[in-house]
Each structure stands twice: as structure tokens, then as C-alpha cells.
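Source file: model10.json; contents: JSON, C-alpha atoms.
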```
[["chain", "number", "residue", "atom", "x", "y", "z"],
["A", 291, "MET", "CA", -47.36, -32.28, -4.07],
["A", 292, "THR", "CA", -45.35, -30.06, -1.74],
["A", 293, "ALA", "CA", -41.67, -29.77, -0.98],
["A", 294, "GLY", "CA", -42.28, -31.67, 2.22],
["A", 295, "SER", "CA", -43.77, -34.70, 0.53],
["A", 296, "LEU", "CA", -41.05, -34.46, -2.12],
["A", 297, "GLY", "CA", -38.49, -34.88, 0.66],
["A", 298, "SER", "CA", -39.87, -38.31, 1.68],
["A", 299, "GLN", "CA", -39.29, -39.63, -1.85],
["A", 300, "GLY", "CA", -36.32, -37.44, -2.57],
["A", 301, "PHE", "CA", -33.80, -40.16, -3.41],
["A", 302, "ALA", "CA", -35.99, -41.75, -6.09],
["A", 303, "TYR", "CA", -36.74, -38.38, -7.72],
["A", 304, "TRP", "CA", -33.09, -37.33, -7.62],
["A", 305, "ALA", "CA", -31.99, -40.68, -9.09],
["A", 306, "VAL", "CA", -34.45, -40.43, -12.01],
["A", 307, "GLY", "CA", -33.57, -36.78, -12.64],
["A", 308, "ALA", "CA", -29.82, -37.38, -12.51],
["A", 309, "ALA", "CA", -30.08, -40.45, -14.77],
["A", 310, "THR", "CA", -32.14, -38.50, -17.34],
["A", 311, "LEU", "CA", -29.67, -35.62, -17.37],
["A", 312, "LEU", "CA", -26.70, -38.00, -17.63],
["A", 313, "ALA", "CA", -28.34, -39.88, -20.54],
["A", 314, "LEU", "CA", -28.93, -36.59, -22.40],
["A", 315, "PHE", "CA", -25.36, -35.47, -21.68],
["A", 316, "VAL", "CA", -23.90, -38.69, -23.14],
["A", 317, "ALA", "CA", -26.29, -38.62, -26.12],
["A", 318, "SER", "CA", -25.27, -35.03, -26.87],
["A", 319, "LEU", "CA", -21.60, -36.09, -26.99],
["A", 320, "PHE", "CA", -22.21, -38.78, -29.59],
["A", 321, "VAL", "CA", -24.84, -37.16, -31.87],
["A", 322, "GLY", "CA", -23.43, -35.25, -34.82],
["A", 323, "VAL", "CA", -22.29, -35.39, -38.44],
["A", 324, "GLY", "CA", -18.90, -36.89, -37.64],
["A", 325, "GLU", "CA", -19.13, -40.56, -36.72],
["A", 326, "LEU", "CA", -18.03, -41.26, -33.19],
["A", 327, "ALA", "CA", -18.14, -44.43, -31.10],
["A", 328, "ILE", "CA", -17.45, -44.78, -27.40],
["A", 329, "GLY", "CA", -14.87, -47.51, -28.05],
["A", 330, "SER", "CA", -12.87, -45.26, -30.39],
["A", 331, "LEU", "CA", -12.07, -42.72, -27.68],
["A", 332, "ALA", "CA", -9.33, -44.88, -26.20],
["A", 333, "SER", "CA", -7.68, -45.83, -29.51],
["A", 334, "ASP", "CA", -8.36, -42.96, -31.94],
["A", 335, "PRO", "CA", -6.70, -39.58, -31.16],
["A", 336, "GLU", "CA", -8.95, -37.82, -33.72],
["A", 337, "ALA", "CA", -12.08, -39.05, -31.92],
["A", 338, "LEU", "CA", -10.78, -37.75, -28.61],
["A", 339, "ARG", "CA", -9.87, -34.44, -30.29],
["A", 340, "LEU", "CA", -13.39, -34.13, -31.71],
["A", 341, "ILE", "CA", -14.86, -34.67, -28.25],
["A", 342, "MET", "CA", -12.58, -32.16, -26.52],
["A", 343, "ILE", "CA", -12.76, -29.38, -29.14],
["A", 344, "SER", "CA", -16.36, -29.59, -30.32],
["A", 345, "ARG", "CA", -18.77, -32.06, -28.70],
["A", 346, "LEU", "CA", -17.89, -31.50, -25.02],
["A", 347, "PRO", "CA", -17.88, -27.65, -25.25],
["A", 348, "ARG", "CA", -21.23, -27.76, -27.08],
["A", 349, "THR", "CA", -22.76, -30.09, -24.50],
["A", 350, "LEU", "CA", -21.45, -28.04, -21.58],
["A", 351, "ALA", "CA", -22.71, -24.84, -23.23],
["A", 352, "ALA", "CA", -26.22, -26.33, -23.59],
["A", 353, "LEU", "CA", -26.16, -27.54, -19.99],
["A", 354, "LEU", "CA", -24.92, -24.21, -18.59],
["A", 355, "ALA", "CA", -27.20, -22.05, -20.74],
["A", 356, "GLY", "CA", -30.26, -24.17, -19.95],
["A", 357, "SER", "CA", -29.75, -24.22, -16.19],
["A", 358, "ALA", "CA", -28.84, -20.51, -16.05],
["A", 359, "LEU", "CA", -31.82, -19.40, -18.17],
["A", 360, "ALA", "CA", -34.19, -21.49, -16.05],
["A", 361, "ILE", "CA", -32.88, -19.85, -12.87],
["A", 362, "ALA", "CA", -33.05, -16.40, -14.49],
["A", 363, "GLY", "CA", -36.70, -17.09, -15.30],
["A", 364, "LEU", "CA", -37.41, -18.18, -11.74],
["A", 365, "VAL", "CA", -35.79, -15.03, -10.31],
["A", 366, "MET", "CA", -37.64, -12.88, -12.87],
["A", 367, "GLN", "CA", -40.96, -14.41, -11.82],
["A", 368, "THR", "CA", -40.07, -13.70, -8.20],
["A", 369, "LEU", "CA", -39.30, -10.05, -8.96],
["A", 370, "ALA", "CA", -42.45, -9.55, -11.07],
["A", 371, "ARG", "CA", -44.56, -11.73, -8.73],
["A", 372, "ASN", "CA", -46.02, -13.38, -11.79],
["A", 373, "ARG", "CA", -45.55, -16.98, -12.97],
["A", 374, "PHE", "CA", -45.86, -16.20, -16.68],
["A", 375, "VAL", "CA", -42.91, -13.93, -17.41],
["A", 376, "GLU", "CA", -39.30, -14.72, -18.27],
["A", 377, "PRO", "CA", -36.36, -12.82, -19.82],
["A", 378, "SER", "CA", -37.19, -13.60, -23.46],
["A", 379, "THR", "CA", -40.86, -12.55, -23.07],
["A", 380, "ALA", "CA", -40.26, -9.43, -20.98],
["A", 381, "GLY", "CA", -37.78, -7.44, -23.03],
["A", 382, "THR", "CA", -34.57, -8.55, -21.25],
["A", 383, "ALA", "CA", -33.20, -10.66, -24.11],
["A", 384, "GLN", "CA", -34.23, -8.06, -26.71],
["A", 385, "SER", "CA", -32.54, -5.32, -24.67],
["A", 386, "ALA", "CA", -29.37, -7.44, -24.49],
["A", 387, "ALA", "CA", -29.36, -7.87, -28.28],
["A", 388, "LEU", "CA", -29.83, -4.10, -28.67],
["A", 389, "GLY", "CA", -26.85, -3.57, -26.35],
["A", 390, "ILE", "CA", -24.65, -5.86, -28.44],
["A", 391, "LEU", "CA", -25.64, -3.86, -31.53],
["A", 392, "VAL", "CA", -24.70, -0.59, -29.82],
["A", 393, "VAL", "CA", -21.32, -1.96, -28.64],
["A", 394, "THR", "CA", -20.62, -3.22, -32.16],
["A", 395, "LEU", "CA", -21.31, 0.23, -33.62],
["A", 396, "VAL", "CA", -19.19, 2.07, -31.03],
["A", 397, "TRP", "CA", -16.40, -0.52, -30.78],
["A", 398, "PRO", "CA", -16.44, -2.93, -33.76],
["A", 399, "ASP", "CA", -13.43, -4.96, -32.55],
["A", 400, "ALA", "CA", -14.65, -5.35, -28.97],
["A", 401, "ALA", "CA", -13.96, -8.72, -27.34],
["A", 402, "LEU", "CA", -16.83, -11.00, -26.40],
["A", 403, "GLY", "CA", -16.52, -10.01, -22.74],
["A", 404, "TRP", "CA", -17.04, -6.32, -23.52],
["A", 405, "LYS", "CA", -20.06, -7.14, -25.67],
["A", 406, "ALA", "CA", -21.45, -9.13, -22.75],
["A", 407, "ALA", "CA", -20.86, -6.16, -20.42],
["A", 408, "GLY", "CA", -22.68, -3.79, -22.80],
["A", 409, "ALA", "CA", -25.51, -6.27, -23.21],
["A", 410, "ALA", "CA", -25.82, -6.64, -19.43],
["A", 411, "VAL", "CA", -26.15, -2.85, -18.99],
["A", 412, "THR", "CA", -28.95, -2.52, -21.56],
["A", 413, "ALA", "CA", -30.62, -5.70, -20.27],
["A", 414, "LEU", "CA", -30.58, -4.23, -16.76],
["A", 415, "ALA", "CA", -32.15, -1.00, -18.01],
["A", 416, "GLY", "CA", -34.78, -2.82, -20.08],
["A", 417, "THR", "CA", -35.72, -5.18, -17.22],
["A", 418, "SER", "CA", -35.92, -2.32, -14.70],
["A", 419, "ILE", "CA", -38.34, -0.41, -16.94],
["A", 420, "PHE", "CA", -40.43, -3.54, -17.46],
["A", 421, "LEU", "CA", -40.72, -4.21, -13.71],
["A", 422, "MET", "CA", -41.50, -0.55, -12.98],
["A", 423, "LEU", "CA", -44.36, -0.60, -15.49],
["A", 424, "ALA", "CA", -45.54, -4.14, -14.64],
["A", 425, "HIS", "CA", -45.93, -3.25, -10.96],
["A", 426, "ARG", "CA", -48.39, -0.51, -12.00],
["A", 427, "LEU", "CA", -50.73, -3.04, -13.64],
["A", 428, "PRO", "CA", -53.77, -4.14, -11.61],
["A", 429, "PRO", "CA", -52.80, -7.18, -9.46],
["A", 430, "THR", "CA", -56.26, -8.67, -9.97],
["A", 431, "GLN", "CA", -55.41, -9.27, -13.68],
["A", 432, "PRO", "CA", -52.28, -11.50, -13.59],
["A", 433, "PHE", "CA", -52.42, -12.32, -17.32],
["A", 434, "LEU", "CA", -51.93, -8.63, -18.17],
["A", 435, "VAL", "CA", -48.28, -8.84, -17.06],
["A", 436, "PRO", "CA", -47.11, -11.50, -19.59],
["A", 437, "LEU", "CA", -49.24, -9.82, -22.27],
["A", 438, "PHE", "CA", -47.58, -6.49, -21.54],
["A", 439, "GLY", "CA", -44.18, -8.23, -21.50],
["A", 440, "LEU", "CA", -44.74, -9.67, -24.97],
["A", 441, "VAL", "CA", -45.70, -6.24, -26.33],
["A", 442, "TYR", "CA", -42.82, -4.53, -24.51],
["A", 443, "GLY", "CA", -40.27, -7.08, -25.74],
["A", 444, "GLY", "CA", -41.70, -6.85, -29.25],
["A", 445, "VAL", "CA", -41.26, -3.08, -29.31],
["A", 446, "ILE", "CA", -37.61, -3.30, -28.18],
["A", 447, "GLY", "CA", -36.93, -6.14, -30.63],
["A", 448, "ALA", "CA", -38.52, -4.14, -33.46],
["A", 449, "ALA", "CA", -36.38, -1.11, -32.58],
["A", 450, "ALA", "CA", -33.23, -3.27, -32.69],
["A", 451, "ILE", "CA", -34.23, -4.79, -36.03],
["A", 452, "PHE", "CA", -35.03, -1.37, -37.51],
["A", 453, "ALA", "CA", -31.66, 0.01, -36.38],
["A", 454, "ALA", "CA", -29.83, -3.06, -37.75],
["A", 455, "TRP", "CA", -31.70, -2.81, -41.06],
["A", 456, "HIS", "CA", -30.88, 0.90, -41.31],
["A", 457, "LEU", "CA", -27.18, 0.19, -40.64],
["A", 458, "ASP", "CA", -27.05, -2.91, -42.88],
["A", 459, "LEU", "CA", -26.41, -5.16, -39.85],
["A", 460, "LEU", "CA", -29.57, -7.26, -40.04],
["A", 461, "GLN", "CA", -27.77, -10.59, -40.59],
["A", 462, "TYR", "CA", -25.35, -9.73, -37.80],
["A", 463, "LEU", "CA", -28.22, -9.08, -35.37],
["A", 464, "GLU", "CA", -29.94, -12.32, -36.40],
["A", 465, "VAL", "CA", -27.00, -14.25, -34.89],
["A", 466, "TRP", "CA", -27.92, -12.93, -31.42],
["A", 467, "MET", "CA", -31.69, -13.19, -31.87],
["A", 468, "THR", "CA", -31.72, -16.93, -32.72],
["A", 469, "GLY", "CA", -30.14, -19.34, -30.29],
["A", 470, "GLU", "CA", -27.98, -22.15, -31.66],
["A", 471, "PHE", "CA", -24.99, -24.21, -30.57],
["A", 472, "SER", "CA", -23.46, -25.18, -33.93],
["A", 473, "GLY", "CA", -20.74, -22.52, -33.60],
["A", 474, "ILE", "CA", -19.74, -23.51, -30.07],
["A", 475, "LEU", "CA", -16.14, -24.73, -29.83],
["A", 476, "ARG", "CA", -13.53, -24.80, -27.10],
["A", 477, "GLY", "CA", -12.65, -21.17, -26.28],
["A", 478, "ARG", "CA", -16.06, -19.88, -27.43],
["A", 479, "TYR", "CA", -18.35, -20.82, -24.55],
["A", 480, "GLU", "CA", -16.32, -20.27, -21.34],
["A", 481, "LEU", "CA", -18.19, -17.03, -20.47],
["A", 482, "LEU", "CA", -21.12, -19.25, -19.54],
["A", 483, "TRP", "CA", -19.22, -20.39, -16.43],
["A", 484, "VAL", "CA", -19.88, -16.85, -15.12],
["A", 485, "ALA", "CA", -23.60, -17.58, -15.57],
["A", 486, "ALA", "CA", -23.06, -20.77, -13.56],
["A", 487, "ALA", "CA", -21.54, -18.67, -10.77],
["A", 488, "LEU", "CA", -24.64, -16.46, -10.82],
["A", 489, "VAL", "CA", -26.80, -19.59, -10.45],
["A", 490, "VAL", "CA", -24.82, -20.41, -7.30],
["A", 491, "LEU", "CA", -25.39, -16.83, -6.09],
["A", 492, "ALA", "CA", -29.13, -17.24, -6.67],
["A", 493, "TRP", "CA", -29.10, -20.49, -4.66],
["A", 494, "TRP", "CA", -27.17, -18.75, -1.84],
["A", 495, "THR", "CA", -29.83, -16.02, -1.65],
["A", 496, "ALA", "CA", -32.78, -18.39, -2.19],
["A", 497, "ASP", "CA", -34.37, -17.75, 1.22],
["A", 498, "ARG", "CA", -34.25, -13.99, 0.70],
["A", 499, "LEU", "CA", -35.72, -14.38, -2.80],
["A", 500, "THR", "CA", -38.56, -16.41, -1.29],
["A", 501, "MET", "CA", -39.23, -13.57, 1.16],
["A", 502, "LEU", "CA", -39.08, -11.09, -1.73],
["A", 503, "SER", "CA", -41.84, -13.01, -3.53],
["A", 504, "LEU", "CA", -44.19, -12.24, -0.60],
["A", 505, "GLY", "CA", -44.30, -8.58, -1.61],
["A", 506, "ARG", "CA", -42.75, -5.33, -0.44],
["A", 507, "ASP", "CA", -44.64, -4.78, 2.81],
["A", 508, "VAL", "CA", -44.42, -8.37, 4.05],
["A", 509, "SER", "CA", -40.73, -8.80, 3.15],
["A", 510, "ILE", "CA", -39.78, -5.51, 4.86],
["A", 511, "GLY", "CA", -41.77, -6.62, 7.89],
["A", 512, "LEU", "CA", -39.70, -9.82, 7.96],
["A", 513, "GLY", "CA", -36.51, -7.75, 8.04],
["A", 514, "LEU", "CA", -35.47, -8.05, 4.39],
["A", 515, "ASN", "CA", -33.58, -5.26, 2.64],
["A", 516, "TYR", "CA", -36.23, -5.10, -0.10],
["A", 517, "ALA", "CA", -34.53, -2.56, -2.38],
["A", 518, "GLY", "CA", -31.13, -4.24, -2.13],
["A", 519, "MET", "CA", -32.55, -7.69, -2.86],
["A", 520, "LEU", "CA", -34.54, -6.31, -5.79],
["A", 521, "ARG", "CA", -31.34, -4.82, -7.26],
["A", 522, "LEU", "CA", -29.45, -8.10, -6.77],
["A", 523, "GLY", "CA", -32.23, -10.04, -8.50],
["A", 524, "LEU", "CA", -32.17, -7.61, -11.42],
["A", 525, "VAL", "CA", -28.40, -8.03, -11.78],
["A", 526, "ILE", "CA", -28.70, -11.84, -11.74],
["A", 527, "VAL", "CA", -31.43, -11.87, -14.41],
["A", 528, "SER", "CA", -29.74, -9.27, -16.64],
["A", 529, "ALA", "CA", -26.23, -10.75, -16.44],
["A", 530, "ILE", "CA", -27.36, -14.32, -17.12],
["A", 531, "THR", "CA", -29.50, -13.22, -20.06],
["A", 532, "ALA", "CA", -26.72, -11.05, -21.54],
["A", 533, "LEU", "CA", -24.14, -13.84, -21.25],
["A", 534, "THR", "CA", -26.35, -16.43, -22.93],
["A", 535, "VAL", "CA", -27.38, -14.02, -25.72],
["A", 536, "VAL", "CA", -23.72, -13.14, -26.41],
["A", 537, "VAL", "CA", -22.52, -16.76, -26.45],
["A", 538, "VAL", "CA", -25.41, -18.74, -28.00],
["A", 539, "GLY", "CA", -28.14, -16.21, -28.90],
["A", 540, "THR", "CA", -31.71, -15.91, -27.64],
["A", 541, "ILE", "CA", -33.30, -19.15, -26.39],
["A", 542, "PRO", "CA", -36.98, -18.64, -25.58],
["A", 543, "PHE", "CA", -39.32, -20.20, -23.01],
["A", 544, "VAL", "CA", -36.71, -22.06, -20.90],
["A", 545, "GLY", "CA", -37.14, -19.65, -17.99],
["A", 546, "LEU", "CA", -40.90, -19.90, -18.29],
["A", 547, "VAL", "CA", -41.48, -23.63, -18.68],
["A", 548, "ALA", "CA", -38.94, -25.15, -16.27],
["A", 549, "PRO", "CA", -39.92, -23.14, -13.13],
["A", 550, "ASN", "CA", -43.66, -23.63, -13.75],
["A", 551, "ILE", "CA", -43.39, -27.40, -14.23],
["A", 552, "VAL", "CA", -41.21, -27.76, -11.12],
["A", 553, "SER", "CA", -43.55, -25.61, -9.01],
["A", 554, "ARG", "CA", -46.42, -27.97, -9.85],
["A", 555, "PHE", "CA", -44.83, -30.86, -7.95],
["A", 556, "ALA", "CA", -42.26, -29.25, -5.64],
["A", 557, "GLY", "CA", -44.00, -26.13, -4.34],
["A", 558, "GLU", "CA", -42.78, -22.53, -4.11],
["A", 559, "ASN", "CA", -39.83, -22.72, -1.69],
["A", 560, "LEU", "CA", -36.84, -21.61, -3.76],
["A", 561, "ARG", "CA", -34.35, -23.37, -1.49],
["A", 562, "HIS", "CA", -35.94, -26.72, -2.45],
["A", 563, "THR", "CA", -36.86, -25.97, -6.06],
["A", 564, "LEU", "CA", -33.73, -24.21, -7.38],
["A", 565, "PRO", "CA", -31.73, -27.42, -8.12],
["A", 566, "TRP", "CA", -34.78, -28.95, -9.82],
["A", 567, "VAL", "CA", -35.36, -25.85, -11.93],
["A", 568, "ALA", "CA", -31.68, -25.71, -12.97],
["A", 569, "GLY", "CA", -31.67, -29.42, -13.85],
["A", 570, "GLY", "CA", -34.98, -29.14, -15.69],
["A", 571, "GLY", "CA", -33.75, -26.21, -17.78],
["A", 572, "ALA", "CA", -30.51, -28.02, -18.64],
["A", 573, "ALA", "CA", -32.40, -31.19, -19.64],
["A", 574, "LEU", "CA", -34.89, -29.20, -21.75],
["A", 575, "VAL", "CA", -32.18, -27.38, -23.72],
["A", 576, "LEU", "CA", -30.05, -30.51, -24.16],
["A", 577, "ALA", "CA", -33.06, -32.49, -25.42],
["A", 578, "CYS", "CA", -34.12, -29.75, -27.86],
["A", 579, "ASP", "CA", -30.55, -29.36, -29.13],
["A", 580, "ILE", "CA", -30.34, -33.11, -29.81],
["A", 581, "ILE", "CA", -33.71, -33.01, -31.62],
["A", 582, "GLY", "CA", -32.46, -30.07, -33.70],
["A", 583, "ARG", "CA", -29.43, -32.12, -34.75],
["A", 584, "LEU", "CA", -31.49, -35.19, -35.70],
["A", 585, "ILE", "CA", -34.64, -33.77, -37.30],
["A", 586, "ARG", "CA", -32.91, -32.77, -40.59],
["A", 587, "PHE", "CA", -29.73, -34.80, -40.29],
["A", 588, "PRO", "CA", -27.01, -34.04, -41.42],
["A", 589, "TYR", "CA", -28.23, -30.41, -41.27],
["A", 590, "GLU", "CA", -29.28, -28.68, -38.06],
["A", 591, "VAL", "CA", -32.34, -26.77, -36.90],
["A", 592, "PRO", "CA", -31.35, -24.06, -34.33],
["A", 593, "VAL", "CA", -32.26, -24.89, -30.76],
["A", 594, "GLY", "CA", -34.05, -21.51, -30.53],
["A", 595, "THR", "CA", -36.46, -22.64, -33.26],
["A", 596, "ILE", "CA", -37.10, -26.03, -31.62],
["A", 597, "LEU", "CA", -37.70, -24.41, -28.24],
["A", 598, "GLY", "CA", -39.92, -21.76, -29.83],
["A", 599, "VAL", "CA", -42.30, -24.56, -30.88],
["A", 600, "VAL", "CA", -41.92, -26.86, -27.85],
["A", 601, "GLY", "CA", -41.98, -23.97, -25.38],
["A", 602, "ALA", "CA", -45.06, -22.37, -26.93],
["A", 603, "VAL", "CA", -46.98, -25.65, -26.69],
["A", 604, "LEU", "CA", -45.93, -26.17, -23.06],
["A", 605, "PHE", "CA", -46.78, -22.53, -22.31],
["A", 606, "LEU", "CA", -50.31, -23.02, -23.64],
["A", 607, "VAL", "CA", -50.69, -26.24, -21.64],
["A", 608, "LEU", "CA", -49.62, -24.41, -18.48],
["A", 609, "LEU", "CA", -52.00, -21.52, -19.20],
["A", 610, "LEU", "CA", -54.95, -23.83, -19.91],
["A", 611, "GLY", "CA", -54.11, -25.92, -16.84],
["A", 612, "ARG", "CA", -54.09, -22.84, -14.64],
["A", 613, "SER", "CA", -57.34, -21.58, -16.15],
["A", 614, "SER", "CA", -59.12, -24.89, -15.48],
["A", 615, "ASN", "CA", -57.83, -24.91, -11.88],
["A", 616, "ASP", "CA", -59.02, -21.33, -11.40]]
```
Once more with this new file: its structure as C-alpha cells, please.
Amino acid sequence: MTAGSLGSQGFAYWAVGAATLLALFVASLFVGVGELAIGSLASDPEALRLIMISRLPRTLAALLAGSALAIAGLVMQTLARNRFVEPSTAGTAQSAALGILVVTLVWPDAALGWKAAGAAVTALAGTSIFLMLAHRLPPTQPFLVPLFGLVYGGVIGAAAIFAAWHLDLLQYLEVWMTGEFSGILRGRYELLWVAAALVVLAWWTADRLTMLSLGRDVSIGLGLNYAGMLRLGLVIVSAITALTVVVVGTIPFVGLVAPNIVSRFAGENLRHTLPWVAGGGAALVLACDIIGRLIRFPYEVPVGTILGVVGAVLFLVLLLGRSSND
């Protein structure tokens, strides 16, 4: 199905998608250890306080992180011109965690914003090196790029773990390497609104990103500032990844699964697919976070662990589906 045919049934698709996201949003507000009923919000001040301080920030953080990571994955795939890479499998998230470790060593009392800035710088460097090396791989072997990304990310992650172990900061690093929302409260997630602004920036430049995906020669021939657009895409991917790693930790596969599923039914035009990808990523993270809260109730399984399993299965399904179509 193409974007054009999607347009003829757009209202029905949008209604189903919006209803699903709204249902997950409401479910996320009322799932947790503390008992909470919708009727109590009007009469019980403690129930309203629980919603405003804990449940609503957590739900908004999951929604923002999911949509931003999905868009970061879509932009990353555009830059690499490969459908099977995303920030957590191409060294960006591992580079961001390494940056947080470096900032912590240099400036132990640094605020969260400064840690995010340091993480963004190292994520930008790590992603740039990945793209530079990935573009040297033979284009006739598309599966070499994600394979190289996994190895590259593994090497950076191993370097970060070795440094943390050597400095007795292994438990500290683990906080950034495993995504979870249990520590999200009001005042602890607001940096993710910057990631939301970057999603809007990606939507604003969607047509130019679509041209970028056609390759260097074609996009320059169409009048695109190829180098400038490449740099902007790198900044979007690196900043979104750094912000989500700093606030909630590393959440794998969102940027891989959501864009690939959407492209199967909505085509490749970023102007049409960006809202679907953002909504799909938000729904995926919200659903996995709810599952993580229910599967060992009253304890929690981190959303990064749930998505590691769910995302890996979906990744294999996408790979096998592509192979059979080829």
C-alpha cells in the first residue's frame, strides 16, 4: 500500500491509531502499585497528586521518548540509506553513555542538561564515524551495514563498560545502559520536550530528508545542500539519542521497528510517514512499559528489557519478510 492509497482511507486509519494511542495513554496513568480509580480524581487530593507527580510525567516521558526515538531511527536510516540501522544498533546510544561517563568523571556534580550536552557531543562523533565507515561498505550487500553497526556499537559499549569497571562506576553506567521509567517524576523528564522539538524539526525538513535518501549525486542534482542536510540529520539523531539516554537510559529497537512497519503500508515519503512513525514509536514504548509493570506485579521489569525481547522478535520477522520478498 502506498501513501496515495493511504490518503483515501486516511480518516479511518487516523481514528484507529489515535484511539489506540489514547487507550494506552489512559492505561499507563492507571497501572501501578498504588491503587487509583478514575472516580477518585475529583474527590481525593492524594489521587490527583499521584497523577500529577508520578503517573502523568512517566506516561509523557514514555510517549516523548518513544516518538523521538522512532523519528531518530527513521532519520538514521535515511542518512545511512539502510533500513536496518538505528541509534542503539549503530553505536550512537553507546557513544552517548560513554559521554555521560566522561562528563561524570570531569564534572561529578554536573546538572542533567550538561550531561546531555556531553552525551550529544560523543554521540555525534560516534555516529559520524559509523556513517563514514558504513558508506565505504559495498552497496550490493545491505545486510553488512547493520552487522557492522552491531559490532561497532558493541566495541564502544565494551570500552565504556571497561572504563566504568576500572573506575568502579559499573553500577552507575548500568543506569544509562538500561532504559526504564520507574524513576521518572515531575522535574525529572522535562528535557524530553527538547527531543519533541527536534521531532518537529525533522517533520519541517521531511522533504529535504526524502531527497537526501536518494543519494549524494541525485540530491545535489535536485538542488539540495547535501553536506548541510547531512550535518542537520546527524545533529537530530545524536541530540535525540543523548536526551533519551540521559533521562530514561537506552531503549533498543524502537527506531528500527516503528519506521520499518510504517514503511510497509505507507511508503517511503517522509512527509506522509513521519506522524505515523512517531505515533507508532510512542505506542510501542507505552505498551512495553505497561507490560513491564504488569508482568511481575508489584515489581517492574525495565522497558529496555521488554523491548529487547519484543524488538528482537520483530526485527527477525522484518528480516525474514524482506528475505522472502527478495
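Considering the residues A:Leu369, A:Leu604, A:Leu338, A:Ala485 and counting only C-alpha atoms, Leu421 in chain A has its shortest atom-to-atom contact with A:Leu369.
Put simply, CA of Gly601 in chain A is 12.9 Å away from CA of Gly356 in chain A.
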Task: Among the residues A:Leu512, A:Met501, A:Val547, A:Leu576, the one that comes closest to Val607 in chain A [using all atoms listed in the file] - done: A:Val547
- [ ] Please return, as a PyMOL selection string, all polymer residues that have at least one atom within 10 Å of the point (-35.7, -7.8, -23.7); use all atoms listed in the file and the file's own coordinate frame.
- [x] chain A and resi 376-388+412-417+420+439-440+442-447+528+531-532+540
Task: Nearest-residue call for Leu326 in chain A, choices A:Leu311, A:Ile541, A:Val306, A:Arg339, using all atoms listed in the file - done: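 Distance minimum relative to Leu326 in chain A lands on A:Arg339.
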Open item on the list: For a quick check of understanding, using only C-alpha atoms, which of A:Ala448, A:Leu434, A:Val535, A:Met467 has the smallest distance to Ala409 in chain A?
Closed with: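 Of A:Ala448, A:Leu434, A:Val535, A:Met467, the one nearest Ala409 in chain A, counting only C-alpha atoms, is A:Val535.
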Open item on the list: Residues near Ala572 in chain A, anyone? I mean within 7 Å using all atoms listed in the file, not counting same-chain ones fewer than 6 positions away, as a PyMOL selection string.
Closed with: chain A and resi 352-354+356-357
Selected residues written out with C-alpha atoms, as an mmCIF file, keeping the file's coordinate frame:
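result.cif, written as the output of this step:
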```
data_model
loop_
_atom_site.group_PDB
_atom_site.id
_atom_site.type_symbol
_atom_site.label_atom_id
_atom_site.label_comp_id
_atom_site.auth_asym_id
_atom_site.auth_seq_id
_atom_site.Cartn_x
_atom_site.Cartn_y
_atom_site.Cartn_z
ATOM 1 C CA ALA A 352 -26.220 -26.330 -23.590
ATOM 2 C CA LEU A 353 -26.160 -27.540 -19.990
ATOM 3 C CA LEU A 354 -24.920 -24.210 -18.590
ATOM 4 C CA GLY A 356 -30.260 -24.170 -19.950
ATOM 5 C CA SER A 357 -29.750 -24.220 -16.190
#
```
